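So this one's work_26.txt, compact mmCIF, C-alpha atoms:
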```
# COMPACT_ATOMS: atom_id res chain seq x y z
CA MET V 124 52.29 -10.22 -7.37
CA LYS V 125 48.59 -10.95 -7.88
CA VAL V 126 45.92 -8.25 -7.90
CA ILE V 127 43.03 -9.24 -5.60
CA LYS V 128 40.92 -6.12 -6.09
CA ASN V 129 41.33 -2.69 -7.71
CA GLU V 130 38.23 -0.63 -7.06
CA GLU V 131 37.27 3.01 -7.27
CA ILE V 132 36.36 4.15 -3.78
CA LYS V 133 35.29 7.73 -4.44
CA PRO V 134 33.01 9.18 -7.11
CA ARG V 135 34.41 11.79 -9.45
CA PHE V 136 34.83 15.10 -7.67
CA HIS V 137 33.39 16.97 -10.65
CA PRO V 138 31.35 15.85 -13.67
CA ALA V 139 33.63 14.66 -16.46
CA PRO V 140 33.53 12.49 -19.61
CA THR V 141 34.01 8.80 -19.02
CA SER V 142 35.76 6.09 -21.00
CA GLU V 143 34.07 2.95 -22.27
CA ALA V 144 35.11 1.26 -19.04
CA GLY V 145 33.08 3.82 -17.14
CA ARG V 146 36.00 5.59 -15.49
CA SER V 147 36.49 9.32 -15.65
CA ARG V 148 39.24 10.95 -17.67
CA ASP V 149 39.60 13.98 -15.41
CA GLY V 150 42.43 12.48 -13.32
CA ASN V 151 40.43 12.68 -10.08
CA ASP V 152 39.65 9.02 -9.46
CA VAL V 153 40.69 7.48 -6.13
CA PHE V 154 41.28 3.73 -6.04
CA LEU V 155 41.89 1.09 -3.41
CA LEU V 156 44.24 -1.62 -4.65
CA THR V 157 44.51 -4.93 -2.79
CA LEU V 158 47.50 -7.17 -3.54
CA GLU V 159 48.42 -10.62 -2.30
CA ASP V 160 51.87 -11.04 -0.79
CA GLN V 161 52.52 -12.75 2.51
CA HIS V 162 55.97 -11.21 3.07
CA ILE V 163 54.79 -7.60 2.74
CA ALA V 164 51.59 -8.23 4.68
CA LYS V 165 53.49 -9.82 7.58
CA THR V 166 56.46 -7.45 7.77
CA ALA V 167 55.14 -4.02 6.74
CA LYS V 168 55.05 -1.26 9.35
CA PRO V 169 52.91 1.90 9.23
CA GLY V 170 54.75 4.58 7.28
CA GLN V 171 56.56 2.20 4.93
CA PHE V 172 55.85 2.04 1.21
CA VAL V 173 56.02 -0.18 -1.86
CA SER V 174 57.38 0.60 -5.32
CA ILE V 175 55.31 -0.62 -8.25
CA ARG V 176 56.22 -1.07 -11.89
CA VAL V 177 52.94 -0.37 -13.66
CA THR V 178 53.90 -1.68 -17.11
CA ASN V 179 56.43 -3.94 -18.85
CA SER V 180 57.07 -1.31 -21.53
CA TYR V 181 59.38 1.71 -21.34
CA GLU V 182 56.54 4.20 -20.98
CA PRO V 183 56.48 5.07 -18.14
CA LEU V 184 59.95 3.80 -17.31
CA LEU V 185 60.16 4.43 -13.56
CA ARG V 186 58.39 2.64 -10.74
CA ARG V 187 55.80 4.49 -8.68
CA PRO V 188 55.98 4.68 -4.83
CA PHE V 189 52.81 4.18 -2.77
CA SER V 190 52.32 4.23 1.00
CA ILE V 191 50.96 1.02 2.48
CA HIS V 192 47.38 1.73 3.52
CA GLY V 193 46.68 -1.45 5.46
CA VAL V 194 47.27 -5.19 5.81
CA ASP V 195 44.94 -8.15 6.18
CA LYS V 196 46.39 -11.64 6.66
CA ASN V 197 48.36 -12.31 3.45
CA LYS V 198 47.13 -9.19 1.67
CA PHE V 199 48.05 -5.51 1.76
CA LYS V 200 46.40 -2.39 0.39
CA ILE V 201 47.36 0.91 -1.15
CA ILE V 202 45.17 3.89 -1.88
CA TYR V 203 46.00 6.14 -4.80
CA LYS V 204 44.67 8.99 -6.90
CA VAL V 205 44.87 8.97 -10.70
CA VAL V 206 47.05 11.98 -11.49
CA GLY V 207 49.21 10.92 -14.43
CA LEU V 208 50.04 8.17 -16.90
CA GLY V 209 51.44 5.75 -14.32
CA THR V 210 48.44 5.81 -12.00
CA LYS V 211 46.08 5.82 -14.98
CA ILE V 212 47.62 2.57 -16.21
CA LEU V 213 47.49 1.14 -12.69
CA SER V 214 43.78 1.93 -12.38
CA HIS V 215 42.99 -0.46 -15.23
CA TYR V 216 44.54 -3.55 -13.65
CA LYS V 217 41.97 -6.26 -12.93
CA GLN V 218 41.60 -9.09 -10.47
CA GLY V 219 44.02 -11.93 -11.17
CA GLU V 220 46.54 -9.85 -13.12
CA GLU V 221 50.15 -9.60 -11.97
CA LEU V 222 52.12 -6.54 -10.85
CA ASP V 223 55.86 -6.16 -10.20
CA VAL V 224 56.13 -4.82 -6.63
CA ILE V 225 59.12 -4.19 -4.33
CA GLY V 226 58.64 -3.72 -0.61
CA PRO V 227 58.21 -2.98 2.16
CA LEU V 228 60.61 -0.06 1.78
CA GLY V 229 61.75 2.81 3.98
CA ASN V 230 61.34 3.49 7.68
CA GLY V 231 57.99 3.82 9.41
CA PHE V 232 56.55 5.66 12.41
CA GLU V 233 57.90 5.24 15.95
CA THR V 234 55.11 4.87 18.50
CA LYS V 235 56.21 2.66 21.38
CA ASN V 236 57.01 5.47 23.84
CA TYR V 237 53.70 7.30 23.42
CA LYS V 238 50.15 6.79 24.71
CA ASN V 239 48.43 9.84 23.17
CA LEU V 240 48.72 10.06 19.40
CA THR V 241 47.49 12.91 17.20
CA LEU V 242 47.24 11.97 13.53
CA LEU V 243 46.94 14.75 10.98
CA ALA V 244 46.24 14.02 7.31
CA GLY V 245 45.54 16.16 4.28
CA GLY V 246 43.94 14.65 1.18
CA ILE V 247 45.54 11.39 0.03
CA GLY V 248 47.90 11.71 3.01
CA ILE V 249 45.43 9.58 4.93
CA ALA V 250 47.01 6.43 3.42
CA PRO V 251 49.85 5.69 5.91
CA LEU V 252 47.99 7.25 8.84
CA TYR V 253 45.04 4.90 8.48
CA PHE V 254 47.46 1.95 8.66
CA LEU V 255 48.98 3.56 11.76
CA ALA V 256 45.57 4.07 13.35
CA THR V 257 44.57 0.43 12.87
CA GLN V 258 47.78 -0.74 14.54
CA GLU V 259 47.53 1.69 17.46
CA LYS V 260 43.77 1.69 18.05
CA GLU V 261 44.20 0.67 21.69
CA LYS V 262 45.90 3.99 22.41
CA ASN V 263 44.29 7.41 22.77
CA LEU V 264 43.97 8.58 19.16
CA THR V 265 42.90 12.02 17.96
CA ILE V 266 42.56 12.05 14.18
CA LEU V 267 42.44 15.26 12.14
CA ILE V 268 41.61 14.96 8.43
CA GLY V 269 41.07 17.64 5.83
CA ALA V 270 40.10 18.10 2.19
CA LYS V 271 38.80 20.77 -0.16
CA SER V 272 35.21 19.59 0.20
CA LYS V 273 33.05 16.85 1.72
CA SER V 274 33.12 14.84 -1.52
CA GLN V 275 36.90 14.55 -1.28
CA LEU V 276 37.13 13.30 2.32
CA LEU V 277 38.62 9.82 2.46
CA CYS V 278 38.10 7.09 5.09
CA LYS V 279 35.89 9.29 7.26
CA THR V 280 33.76 6.38 8.51
CA GLU V 281 36.75 4.10 9.03
CA PHE V 282 38.69 6.69 11.03
CA SER V 283 35.67 7.47 13.22
CA LYS V 284 35.77 3.89 14.53
CA LEU V 285 39.39 4.15 15.62
CA GLY V 286 39.54 7.37 17.64
CA LYS V 287 38.26 10.90 18.12
CA LEU V 288 37.79 12.33 14.63
CA LEU V 289 37.92 16.03 13.74
CA ILE V 290 37.29 17.23 10.18
CA ALA V 291 38.07 20.39 8.22
CA THR V 292 37.02 21.26 4.67
CA GLU V 293 38.03 24.37 2.78
CA ASP V 294 34.45 25.06 1.64
CA GLY V 295 32.87 24.23 5.00
CA SER V 296 30.77 21.37 3.60
CA SER V 297 31.88 19.08 6.44
CA GLY V 298 33.35 19.84 9.84
CA LYS V 299 35.22 23.10 10.44
CA LYS V 300 35.57 25.49 7.51
CA GLY V 301 39.26 25.95 6.77
CA LEU V 302 42.43 23.91 6.59
CA VAL V 303 43.20 20.78 8.54
CA THR V 304 46.04 22.68 10.21
CA ASP V 305 43.42 25.03 11.69
CA LEU V 306 42.28 22.09 13.81
CA LEU V 307 45.68 22.01 15.47
CA THR V 308 45.42 25.57 16.67
CA SER V 309 41.70 25.81 17.38
CA HIS V 310 40.91 22.50 19.09
CA PHE V 311 43.94 22.20 21.34
CA SER V 312 45.10 24.56 24.05
CA LEU V 313 48.72 24.47 25.11
CA PRO V 314 50.13 23.01 27.21
CA THR V 315 47.98 19.90 26.79
CA SER V 316 48.32 16.18 27.43
CA HIS V 317 46.69 15.44 24.07
CA PHE V 318 49.98 16.08 22.32
CA SER V 319 52.16 13.15 23.30
CA VAL V 320 53.24 13.06 19.66
CA ILE V 321 51.99 14.26 16.28
CA PHE V 322 52.08 12.16 13.11
CA ALA V 323 51.39 13.97 9.83
CA CYS V 324 51.19 13.23 6.12
CA GLY V 325 49.90 15.43 3.32
CA PRO V 326 50.80 18.32 1.01
CA PHE V 327 54.13 20.08 1.53
CA PRO V 328 52.67 23.40 2.83
CA MET V 329 50.69 21.47 5.43
CA LEU V 330 53.74 19.54 6.58
CA LYS V 331 55.80 22.72 6.86
CA PHE V 332 53.13 24.32 9.06
CA VAL V 333 52.93 21.24 11.27
CA ARG V 334 56.72 21.05 11.55
CA ASP V 335 57.03 24.70 12.59
CA TYR V 336 54.10 24.43 15.00
CA ALA V 337 55.49 21.32 16.68
CA ILE V 338 58.97 22.78 17.06
CA LYS V 339 57.61 26.07 18.44
CA HIS V 340 55.53 24.28 21.08
CA LYS V 341 58.12 21.54 21.74
CA ILE V 342 55.83 18.70 20.67
CA PRO V 343 57.43 15.50 19.36
CA CYS V 344 56.37 15.20 15.72
CA GLN V 345 56.97 12.77 12.88
CA LEU V 346 56.33 13.66 9.25
CA SER V 347 55.80 11.30 6.33
CA LEU V 348 57.34 12.98 3.29
CA GLU V 349 56.91 12.50 -0.42
CA GLY V 350 59.81 12.67 -2.84
CA HIS V 351 60.65 12.15 -6.50
CA MET V 352 61.84 8.56 -6.22
CA ALA V 353 63.37 6.90 -9.27
CA CYS V 354 64.79 3.83 -7.55
CA GLY V 355 63.14 3.68 -4.12
CA ILE V 356 66.25 2.24 -2.45
CA GLY V 357 68.63 5.21 -2.09
CA VAL V 358 70.72 4.69 -5.21
CA CYS V 359 69.59 7.48 -7.54
CA LEU V 360 69.73 10.23 -4.85
CA GLY V 361 66.74 11.97 -6.42
CA CYS V 362 64.66 12.37 -3.26
CA ALA V 363 67.08 14.34 -1.11
CA VAL V 364 65.90 16.45 1.81
CA SER V 365 68.07 18.76 3.90
CA SER V 366 68.67 17.77 7.52
CA LYS V 367 70.79 18.81 10.49
CA ASN V 368 73.34 16.22 9.42
CA GLY V 369 73.49 16.91 5.70
CA TYR V 370 71.20 15.44 3.09
CA LYS V 371 68.86 12.56 3.84
CA TYR V 372 66.88 10.55 1.31
CA VAL V 373 63.14 10.07 1.55
CA CYS V 374 63.18 6.51 0.22
CA LYS V 375 66.02 5.15 2.37
CA ASP V 376 66.20 7.37 5.47
CA GLY V 377 62.48 8.13 5.48
CA PRO V 378 59.81 8.52 4.37
CA VAL V 379 59.14 9.22 8.06
CA PHE V 380 61.37 11.83 9.73
CA TRP V 381 61.35 13.60 13.09
CA ALA V 382 60.24 17.17 12.42
CA ASN V 383 63.17 18.75 14.28
CA GLU V 384 65.72 16.81 12.23
CA ILE V 385 64.84 18.06 8.77
CA GLU V 386 64.54 21.38 7.02
CA ILE V 387 61.54 21.84 4.72
```
Now, as a test, write the supplied structure out as C-alpha cells.
Amino acid sequence: MKVIKNEEIKPRFHPAPTSEAGRSRDGNDVFLLTLEDQHIAKTAKPGQFVSIRVTNSYEPLLRRPFSIHGVDKNKFKIIYKVVGLGTKILSHYKQGEELDVIGPLGNGFETKNYKNLTLLAGGIGIAPLYFLATQEKEKNLTILIGAKSKSQLLCKTEFSKLGKLLIATEDGSSGKKGLVTDLLTSHFSLPTSHFSVIFACGPFPMLKFVRDYAIKHKIPCQLSLEGHMACGIGVCLGCAVSSKNGYKYVCKDGPVFWANEIEI
C-alpha cells in the first residue's frame, strides 16, 4: 500500500535533541499518515482500525494496530504518536514507499438510532472520534477533548467546525482546568436531552470513569478500547476483555463495545 504523506502535525511537547532528519528523539512526535487504498477508503466505518507491518525484518515482529482517523476518496488516514520502536520506524516512511496494511478490521460505532451525540476524547483518542464526527456532522454533536496542556491538544480547529467543542487541559492552558471527564459532570445537568448517546476513546482510567458515569445515569454509551493485539483478527486471544457473556476480544468483537456489556 502506497504512502501518500507522512507528516508531523504537532511540534515536540518539550525541547529535545533531534536527529539528522530533524525529528525529535523524545518519543513525543505526533504524525498524520495518509495511505492510498480504495477498498479501505470506501468500506471503513468510524471506530474500525487497520493493522500495519512497519518493517520486513523480524524486529519488531508484530503488526501495529491504528484507528482509522478519516477517509478521502481513495485515501485513508491514521494519526499516531511515536512511543516505541514500531512507531519510530513508521515515522520515517516517505511518500511513494510501500506499507503492508490489513483492514478495515473490527466493529465500529453504532449511530443510526441517535440524533444527539456526545463525543469524548482524551489525548490520541481523538483519532476514531474525528472520523465519527465527519460522518455524523449533520447531527447535533457535542465534542469534549482533553490533554495535559494546550500544546498537546489535537484537531482542535477541525473539531470546532463539526460541532460544539468543549476543552479541558490539566494545567489550565486551554479551556477548563482539569480532566476531560470533568466536562461530563460540570457542563451537563441530568436529566438532559444532550445525552442521546456517548462515544468515548482515550486512556483506560478515562474510559472506566465514562463507563461508570454512563451506567449510573442510564445513558447509552459506546467505548473504543485499546488492547495488546498480536494478530488483529481474533486468533491469538491476546486482547481479551471481560464481558457479561464471558471474554470478548478487542480486535474481533470490538474495538467498540457498549459500556454496559463489558467490565473494565
Expressed in Å to a single decimal, how great is the separation between atom CA of V:Ser297 and atom CA of V:Leu243?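 Distance reported for this atom pair: 16.3 Å.
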What does the distance from atom CA of V:Tyr216 to atom CA of V:Ile201 come to in Å, to one decimal?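 The value is 13.6 Å.
The space separating atom CA of V:Cys324 from atom CA of V:Ser309 comes to 19.4 Å.
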Neighbour list for V:Phe311 as a list in words, cut-off 12 Å, all atoms listed in the file, skip fewer than 6 positions in-chain: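 These residues fall inside the cut-off: Thr241, Thr265, Leu267, Leu289, Thr304, Asp305, His317, Phe318 and His340 of chain V.
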If we draw a sphere of 12 Å around (50.9, 18.7, 8.2), which residues have at least one atom in it when counting all atoms listed in the file? Please report them as a CSV table (one decimal) with C-alpha atoms, keeping the file's coordinate frame.
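The resulting file, part.csv, is reproduced below:
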```csv
chain,number,residue,atom,x,y,z
V,241,THR,CA,47.5,12.9,17.2
V,242,LEU,CA,47.2,12.0,13.5
V,243,LEU,CA,46.9,14.8,11.0
V,244,ALA,CA,46.2,14.0,7.3
V,245,GLY,CA,45.5,16.2,4.3
V,246,GLY,CA,43.9,14.6,1.2
V,248,GLY,CA,47.9,11.7,3.0
V,249,ILE,CA,45.4,9.6,4.9
V,252,LEU,CA,48.0,7.2,8.8
V,267,LEU,CA,42.4,15.3,12.1
V,268,ILE,CA,41.6,15.0,8.4
V,269,GLY,CA,41.1,17.6,5.8
V,302,LEU,CA,42.4,23.9,6.6
V,303,VAL,CA,43.2,20.8,8.5
V,304,THR,CA,46.0,22.7,10.2
V,305,ASP,CA,43.4,25.0,11.7
V,306,LEU,CA,42.3,22.1,13.8
V,307,LEU,CA,45.7,22.0,15.5
V,321,ILE,CA,52.0,14.3,16.3
V,322,PHE,CA,52.1,12.2,13.1
V,323,ALA,CA,51.4,14.0,9.8
V,324,CYS,CA,51.2,13.2,6.1
V,325,GLY,CA,49.9,15.4,3.3
V,326,PRO,CA,50.8,18.3,1.0
V,327,PHE,CA,54.1,20.1,1.5
V,328,PRO,CA,52.7,23.4,2.8
V,329,MET,CA,50.7,21.5,5.4
V,330,LEU,CA,53.7,19.5,6.6
V,331,LYS,CA,55.8,22.7,6.9
V,332,PHE,CA,53.1,24.3,9.1
V,333,VAL,CA,52.9,21.2,11.3
V,334,ARG,CA,56.7,21.0,11.6
V,335,ASP,CA,57.0,24.7,12.6
V,336,TYR,CA,54.1,24.4,15.0
V,337,ALA,CA,55.5,21.3,16.7
V,344,CYS,CA,56.4,15.2,15.7
V,345,GLN,CA,57.0,12.8,12.9
V,346,LEU,CA,56.3,13.7,9.2
V,347,SER,CA,55.8,11.3,6.3
V,348,LEU,CA,57.3,13.0,3.3
V,382,ALA,CA,60.2,17.2,12.4
V,387,ILE,CA,61.5,21.8,4.7
```
How would you write as a PyMOL selection string the residues that get within 8 Å of (53.0, -1.3, 3.5) in the file's frame, counting all atoms listed in the file? chain V and resi 163-164+167-173+190-194+199-201+226-228
Between V:Asn263, V:Asn383, V:Ser296, V:Thr280, which residue has the minimum interatomic distance to V:Ser319, considering all atoms listed in the file?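 Checking each of V:Asn263, V:Asn383, V:Ser296, V:Thr280 against V:Ser319, counting all atoms listed in the file, the winner is V:Asn263.
Minimum distance to V:Asn197 across V:Ile342, V:Lys300, V:Lys165, V:Lys211 (counting only C-alpha atoms) occurs at V:Lys165.
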Nearest to V:Gly301 among V:Ala270, V:Cys278, V:Ala363, V:Ala256, with distances taken over all atoms listed in the file: which residue is it? V:Ala270
Give the centre and edge lengths of an axis-aligned box, in Å to one decimal, that holds all listed atoms of stretch 287-295 of chain V with 6 Å on each side, as lines of an AutoDock Vina configuration file.
```
center_x = 35.6
center_y = 18.0
center_z = 9.9
size_x = 17.4
size_y = 26.2
size_z = 28.5
```
